[in-house]
2 protein chains.
Amino acid sequence: MSTWTLHCSNCEYTAPGDRLASLCPNCSQPLVVRLTSAPPKRDGLKSSWSLWRYADAMPLAEGEKPVTLGEGMTPMLDVPALAKSVGVRRLWVKDEGVNPTGSFKARGMAAAVTRAKALGVKGLVVPTAGNAGAALAAYAAAAQVPVRIWAPATTPPPILNTVRAMGADLVLVDGHIGDAGKAAMQFAKDEGWFNIATVREPYRVEGMKTMGLEVAEQLGWRLPDVIVYPTGGGEGTIGIWKAIDEMIGWGWLPVGTRRPKMVIAQAEGCAPLVRAFAAGQDHATAWEGPVTYAAGLRVPGPLGDRLVLRTLRQSEGAAATANEEQMKAATFELASSSGIDAAPEGGCALHVTRALVKGGVIAPDAEVVVFNTGSGSSYRW
Amino acid sequence: MSTWTLHCSNCEYTAPGDRLASLCPNCSQPLVVRLTSAPPKRDGLKSSWSLWRYADAMPLAEGEKPVTLGEGMTPMLDVPALAKSVGVRRLWVKDEGVNPTGSFKARGMAAAVTRAKALGVKGLVVPTAGNAGAALAAYAAAAQVPVRIWAPATTPPPILNTVRAMGADLVLVDGHIGDAGKAAMQFAKDEGWFNIATVREPYRVEGMKTMGLEVAEQLGWRLPDVIVYPTGGGEGTIGIWKAIDEMIGWGWLPVGTRRPKMVIAQAEGCAPLVRAFAAGQDHATAWEGPVTYAAGLRVPGPLGDRLVLRTLRQSEGAAATANEEQMKAATFELASSSGIDAAPEGGCALHVTRALVKGGVIAPDAEVVVFNTGSGSSYRW
């Protein structure tokens, strides 16, 4: 239970925390949540078997019940065989594939649908590269809120079928998530429904930040040297970095804790953030003709570009790509050496980790957490 | 950490707990584990985010590390809309679909592969209706133990592809799990590999019993009036009933706690246990020509038949079926009214629950836990 205000990530705009909010009305950049209640206590976590054990660190008002399907509290598995193969001291895989509907997107939708429901939305829309749509379909069903989802017709059929299984309206779009976004926005405007797209509203990131809280807790309240995150829209990376800032502010980590290097992994066929980071830019330009098997990475023009690039600079991080063959090989290696049902996004992150060790960017004595953001089952049909 | 011995479920045979074991050498019935260490304490659970928080209640020797992928600690969701629709006071759905590889089978394989690895098996085999094979493939990868899996060629492709994704050897069989079982047994005999089939060894049930421990803990250390479990091989039902016995013996539940009615749900096209229970038999005869879309329920001759039927009698339980159309409708209802990604087995259990309320077997004021044993994603391609 907490209180909070909203702040533009780019300018001085602020707003109360008691309303639905979209991008900053002044500069069209994402808003972020700032807690105004007493700092949550690390020793006062709830007994819930979900990310709501961190309820005091989340935007959840007094007396509210979250919309939940048991998301979060995912395993973080120490895989010595992979550490050895990649060439680092220690390597954990944080397996987000065991979330409801099979991806990390569940966390953000749990947080955002909780707020949208509490604030009485008429209906919800989202454009999706896949997993966010499946997650929203499930949380909208849990909240019994009407929902319509726009996805590329090329989205893996198992993900589209999850949306249908939940009874959500699904509209297939020629093109990519950007094209889906335009259609969703128009419908939302016409019908007065709320657009819950990645970082277009401030609450999904609050769910995402619980990944950072969990990594710290699972390591016994310390941080790894490096976190490698396969990045499409960017909300995972943004959320984890926010969690690290907040935990340091709340005194949840030892004084003098060093922040990890944040590393993003993208597909060679859709790498707007890698390109922008390499060019030293503070924002990304849209990738032309995005192509990759890893649906979650097919986000050519992420709205969270500035926040992701800022995270990379602040953390002295890195950004690199895997091509389709490399991704496929690394996905099989990840699954067959650990038993984790890796998605291609996880394979992408593993490949990038190895490449950056070889390139001297990640040190051989580093402790690394690699995220597998989804279940491989979403890519098998 | 514990010590234990093995006991035949049917005759007086006993064996030490320090070895691999199969069926009773005297009567060919399943062996069960009996803890010989001090009763585990409810207030002394481990901090693990998996079923290994109950490690003192599990067959895990001093100093051993379990083979784990973070299985267990699954959500149990209170769904008032379903309670109302079905006509009971309260209804929770225990969602086993968020386990690694998407089903409850992960629990049993975690426990059994832990023991098999500790005892130095050369390789593992299993016949499967689907989910057990996917789970074994993952846990064998985690343990780095060779594995070969026999499955019907009609198994849903996503499940077969999970087996392949883990790098396991997969043999497709014309027919059903019984036919797969014969082939697996012959190979195990020829090669000296260990057959880890349902209740053919005693440790998978130990993983399954954690579902019973979790239900009690999630209700605040009490039991519901009714537990409805979709039943193929029977190890889930057997495990939950064992957990209830053990918790009562350990003093984990209030004195005078009433045991729940155990209800099994089977498919109309493969219902050997429902038929045997209705006929008052203590064992089942094999179902001829088993046909159902719910792969996990396509088990015509379950080896655990006597134990399941005994559980039903002891608990004053019930057994009923759903046909394919009913199962499909109830699966959609379960998903769209709760956000849980229901498998057809879960739909089967929901349909049976409603039918038994209508038939007066489950009382309108009952508190009911319905198991969704797997992820709907395994059935979409």
# chains A, B, ... in the order shown; residues from 1 in each chain; ligands from 1
$ closest_atom_pairs --of "chain B" --to "chain A" --cutoff "7 Å" --atoms "only C-alpha atoms" --output "Markdown table"
| residue | atom | partner | partner_atom | distance |
| --- | --- | --- | --- | --- |
| B:Trp49 | CA | A:Met73 | CA | 6.9 |
| B:Leu69 | CA | A:Pro75 | CA | 6.9 |
| B:Gly70 | CA | A:Pro75 | CA | 5.0 |
| B:Met73 | CA | A:Trp49 | CA | 6.9 |
| B:Pro75 | CA | A:Gly70 | CA | 5.0 |
| B:Val98 | CA | A:Val98 | CA | 5.1 |
| B:Asn99 | CA | A:Val98 | CA | 6.1 |
| B:Pro100 | CA | A:Val98 | CA | 6.0 |
| B:Thr101 | CA | A:Asp341 | CA | 6.6 |
| B:Ala138 | CA | A:Gly339 | CA | 4.1 |
| B:Tyr139 | CA | A:Gly339 | CA | 5.8 |
| B:Ala141 | CA | A:Gly339 | CA | 4.8 |
| B:Ala142 | CA | A:Ser338 | CA | 4.6 |
| B:Pro157 | CA | A:Trp381 | CA | 6.6 |
| B:Pro158 | CA | A:Arg380 | CA | 5.6 |
| B:Asn161 | CA | A:Arg380 | CA | 6.7 |
| B:Thr162 | CA | A:Ser377 | CA | 6.9 |
| B:Ala165 | CA | A:Phe332 | CA | 6.3 |
| B:Met166 | CA | A:Ser336 | CA | 4.4 |
| B:Gly167 | CA | A:Ser336 | CA | 5.3 |
| B:Phe332 | CA | A:Ala165 | CA | 6.3 |
| B:Ala335 | CA | A:Met166 | CA | 5.3 |
| B:Ser336 | CA | A:Met166 | CA | 4.4 |
| B:Ser337 | CA | A:Ala141 | CA | 5.8 |
| B:Ser338 | CA | A:Ala142 | CA | 4.6 |
| B:Gly339 | CA | A:Ala138 | CA | 4.1 |
| B:Ile340 | CA | A:Ala138 | CA | 6.8 |
| B:Asp341 | CA | A:Thr101 | CA | 6.6 |
| B:Ser377 | CA | A:Pro158 | CA | 6.6 |
| B:Arg380 | CA | A:Pro158 | CA | 5.6 |
| B:Trp381 | CA | A:Trp381 | CA | 4.2 |
$ residues_around --residues "Ala267 in chain A" --least-positions-apart "5" --cutoff "6 Å" --atoms "only C-alpha atoms" --output "PDB file with N, CA and C atoms, in the first residue's frame"
ATOM      1  N   THR A 321      24.017  -7.384 -30.783  1.00  0.00           N
ATOM      2  CA  THR A 321      22.997  -8.159 -31.484  1.00  0.00           C
ATOM      3  C   THR A 321      23.414  -9.621 -31.679  1.00  0.00           C
ATOM      4  N   ALA A 322      22.410 -10.439 -31.971  1.00  0.00           N
ATOM      5  CA  ALA A 322      22.624 -11.805 -32.465  1.00  0.00           C
ATOM      6  C   ALA A 322      21.846 -11.940 -33.768  1.00  0.00           C
ATOM      7  N   ASN A 323      22.412 -12.676 -34.721  1.00  0.00           N
ATOM      8  CA  ASN A 323      21.616 -12.946 -35.919  1.00  0.00           C
ATOM      9  C   ASN A 323      20.750 -14.186 -35.691  1.00  0.00           C
TER      10      ASN A 323
END
$ residues_around --residues "Pro290 in chain B" --least-positions-apart "4" --cutoff "7 Å" --atoms "only C-alpha atoms" --output "list in words"
Gly269, Cys270, Arg298 and Pro300 of chain B
$ closest_residue --among "B:Arg34, B:Lys182, B:Lys105, B:Lys261" --to "Ser2 in chain B" --atoms "only C-alpha atoms"
B:Arg34
$ select_by_dssp --residues "range 96-137 of chain B" --states "helix (DSSP H, G or I)" --output "compact mmCIF listing (two decimals) with N, CA, C and O atoms, in the first residue's frame"
# COMPACT_ATOMS: atom_id res chain seq x y z
N GLU B 96 -1.57 -25.15 -12.09
CA GLU B 96 -0.30 -25.88 -12.27
C GLU B 96 0.35 -25.61 -13.62
O GLU B 96 1.46 -26.06 -13.88
N GLY B 97 -0.33 -24.85 -14.47
CA GLY B 97 0.21 -24.56 -15.80
C GLY B 97 1.43 -23.65 -15.77
O GLY B 97 2.15 -23.56 -16.77
N VAL B 98 1.66 -22.95 -14.65
CA VAL B 98 2.81 -22.05 -14.59
C VAL B 98 4.06 -22.73 -14.03
O VAL B 98 5.04 -22.08 -13.71
N PRO B 100 7.47 -25.09 -14.59
CA PRO B 100 8.37 -25.32 -15.71
C PRO B 100 7.82 -26.41 -16.64
O PRO B 100 7.29 -27.41 -16.16
N THR B 101 7.94 -26.19 -17.93
CA THR B 101 7.37 -27.02 -19.00
C THR B 101 5.83 -27.12 -18.91
O THR B 101 5.25 -27.99 -19.55
N GLY B 102 5.21 -26.26 -18.15
CA GLY B 102 3.78 -26.06 -18.28
C GLY B 102 2.85 -27.09 -17.69
O GLY B 102 1.70 -27.18 -18.13
N LYS B 105 3.47 -32.03 -13.82
CA LYS B 105 4.44 -33.12 -13.92
C LYS B 105 5.83 -32.69 -13.47
O LYS B 105 6.66 -33.54 -13.10
N ALA B 106 6.10 -31.38 -13.53
CA ALA B 106 7.41 -30.87 -13.10
C ALA B 106 7.71 -31.27 -11.66
O ALA B 106 8.85 -31.59 -11.32
N ARG B 107 6.68 -31.24 -10.81
CA ARG B 107 6.91 -31.53 -9.39
C ARG B 107 7.44 -32.94 -9.17
O ARG B 107 8.40 -33.17 -8.43
N GLY B 108 6.79 -33.90 -9.82
CA GLY B 108 7.19 -35.28 -9.64
C GLY B 108 8.57 -35.54 -10.22
O GLY B 108 9.38 -36.28 -9.63
N MET B 109 8.84 -34.95 -11.37
CA MET B 109 10.14 -35.18 -11.99
C MET B 109 11.26 -34.52 -11.20
O MET B 109 12.37 -35.05 -11.12
N ALA B 110 11.00 -33.37 -10.60
CA ALA B 110 12.02 -32.74 -9.77
C ALA B 110 12.41 -33.68 -8.63
O ALA B 110 13.60 -33.89 -8.37
N ALA B 111 11.42 -34.26 -7.98
CA ALA B 111 11.70 -35.15 -6.85
C ALA B 111 12.38 -36.44 -7.32
O ALA B 111 13.37 -36.89 -6.73
N ALA B 112 11.88 -37.02 -8.40
CA ALA B 112 12.38 -38.33 -8.84
C ALA B 112 13.73 -38.23 -9.54
O ALA B 112 14.59 -39.09 -9.36
N VAL B 113 13.94 -37.19 -10.31
CA VAL B 113 15.24 -37.02 -10.97
C VAL B 113 16.31 -36.67 -9.92
O VAL B 113 17.47 -37.08 -10.04
N THR B 114 15.92 -35.95 -8.90
CA THR B 114 16.86 -35.68 -7.80
C THR B 114 17.37 -36.99 -7.22
O THR B 114 18.59 -37.17 -7.03
N ARG B 115 16.48 -37.95 -6.95
CA ARG B 115 16.91 -39.23 -6.39
C ARG B 115 17.68 -40.06 -7.41
O ARG B 115 18.70 -40.68 -7.10
N ALA B 116 17.21 -40.07 -8.64
CA ALA B 116 17.87 -40.87 -9.67
C ALA B 116 19.29 -40.39 -9.92
O ALA B 116 20.24 -41.18 -10.05
N LYS B 117 19.45 -39.07 -9.95
CA LYS B 117 20.78 -38.48 -10.14
C LYS B 117 21.67 -38.83 -8.94
O LYS B 117 22.84 -39.24 -9.11
N ALA B 118 21.14 -38.67 -7.74
CA ALA B 118 21.92 -38.95 -6.53
C ALA B 118 22.37 -40.41 -6.50
O ALA B 118 23.44 -40.73 -5.99
N ASN B 131 2.79 -34.56 -21.05
CA ASN B 131 3.43 -33.64 -20.12
C ASN B 131 4.57 -34.24 -19.30
O ASN B 131 5.55 -33.56 -19.02
N ALA B 132 4.44 -35.50 -18.92
CA ALA B 132 5.52 -36.11 -18.14
C ALA B 132 6.80 -36.20 -18.96
O ALA B 132 7.90 -36.05 -18.43
N GLY B 133 6.65 -36.41 -20.25
CA GLY B 133 7.82 -36.47 -21.11
C GLY B 133 8.51 -35.12 -21.23
O GLY B 133 9.73 -35.03 -21.17
N ALA B 134 7.71 -34.08 -21.40
CA ALA B 134 8.29 -32.73 -21.47
C ALA B 134 9.00 -32.40 -20.16
O ALA B 134 10.11 -31.85 -20.16
N ALA B 135 8.37 -32.75 -19.06
CA ALA B 135 8.98 -32.46 -17.76
C ALA B 135 10.28 -33.26 -17.58
O ALA B 135 11.31 -32.71 -17.17
N LEU B 136 10.23 -34.55 -17.90
CA LEU B 136 11.46 -35.35 -17.73
C LEU B 136 12.58 -34.81 -18.62
O LEU B 136 13.73 -34.74 -18.20
N ALA B 137 12.26 -34.43 -19.84
CA ALA B 137 13.28 -33.89 -20.73
C ALA B 137 13.98 -32.69 -20.09
O ALA B 137 15.21 -32.57 -20.14
$ select_by_dssp --residues "range 279-380 of chain A" --states "strand (DSSP E or B)" --output "list in words"
Ala318, Ala319, Ala320, Thr321, Ala322, Ala342, Glu367, Val368, Val369, Val370, Phe371, Asn372, Gly374 and Ser375 of chain A
$ atom_distance --atom1 "CA of Leu356 in chain A" --atom2 "CA of Leu213 in chain A"
25.1 Å
$ atom_distance --atom1 "CA of Asp18 in chain B" --atom2 "CA of Gly301 in chain B"
29.6 Å
$ decode --residues "range 236-248 of chain A" --atoms "N, CA, C and O atoms" --output "CSV table (one decimal), in the first residue's frame"
chain,number,residue,atom,x,y,z
A,236,GLY,N,11.3,-3.7,-19.7
A,236,GLY,CA,12.0,-4.6,-18.7
A,236,GLY,C,13.3,-3.9,-18.2
A,236,GLY,O,13.6,-3.8,-17.0
A,237,THR,N,14.1,-3.5,-19.2
A,237,THR,CA,15.4,-2.8,-18.9
A,237,THR,C,15.1,-1.5,-18.0
A,237,THR,O,15.8,-1.3,-17.0
A,238,ILE,N,14.1,-0.8,-18.4
A,238,ILE,CA,13.8,0.5,-17.7
A,238,ILE,C,13.3,0.2,-16.3
A,238,ILE,O,13.8,0.8,-15.3
A,239,GLY,N,12.5,-0.9,-16.1
A,239,GLY,CA,12.0,-1.2,-14.8
A,239,GLY,C,13.1,-1.7,-13.9
A,239,GLY,O,13.1,-1.4,-12.7
A,240,ILE,N,14.0,-2.6,-14.4
A,240,ILE,CA,15.0,-3.1,-13.5
A,240,ILE,C,15.9,-2.0,-13.0
A,240,ILE,O,16.3,-1.9,-11.9
A,241,TRP,N,16.2,-1.0,-13.9
A,241,TRP,CA,17.1,0.1,-13.5
A,241,TRP,C,16.4,1.0,-12.5
A,241,TRP,O,17.1,1.4,-11.5
A,242,LYS,N,15.1,1.2,-12.7
A,242,LYS,CA,14.4,1.9,-11.7
A,242,LYS,C,14.4,1.2,-10.3
A,242,LYS,O,14.6,1.9,-9.3
A,243,ALA,N,14.3,-0.1,-10.3
A,243,ALA,CA,14.3,-0.8,-9.1
A,243,ALA,C,15.6,-0.7,-8.4
A,243,ALA,O,15.7,-0.6,-7.1
A,244,ILE,N,16.7,-0.7,-9.1
A,244,ILE,CA,18.0,-0.5,-8.5
A,244,ILE,C,18.1,0.8,-7.8
A,244,ILE,O,18.6,0.9,-6.7
A,245,ASP,N,17.7,1.9,-8.6
A,245,ASP,CA,17.7,3.2,-8.0
A,245,ASP,C,16.9,3.3,-6.7
A,245,ASP,O,17.3,3.8,-5.7
A,246,GLU,N,15.7,2.7,-6.8
A,246,GLU,CA,14.8,2.8,-5.6
A,246,GLU,C,15.4,2.0,-4.4
A,246,GLU,O,15.3,2.4,-3.3
A,247,MET,N,15.9,0.8,-4.7
A,247,MET,CA,16.4,-0.1,-3.6
A,247,MET,C,17.6,0.7,-2.9
A,247,MET,O,17.7,0.6,-1.7
A,248,ILE,N,18.4,1.3,-3.7
A,248,ILE,CA,19.5,2.1,-3.0
A,248,ILE,C,18.9,3.2,-2.2
A,248,ILE,O,19.3,3.5,-1.1
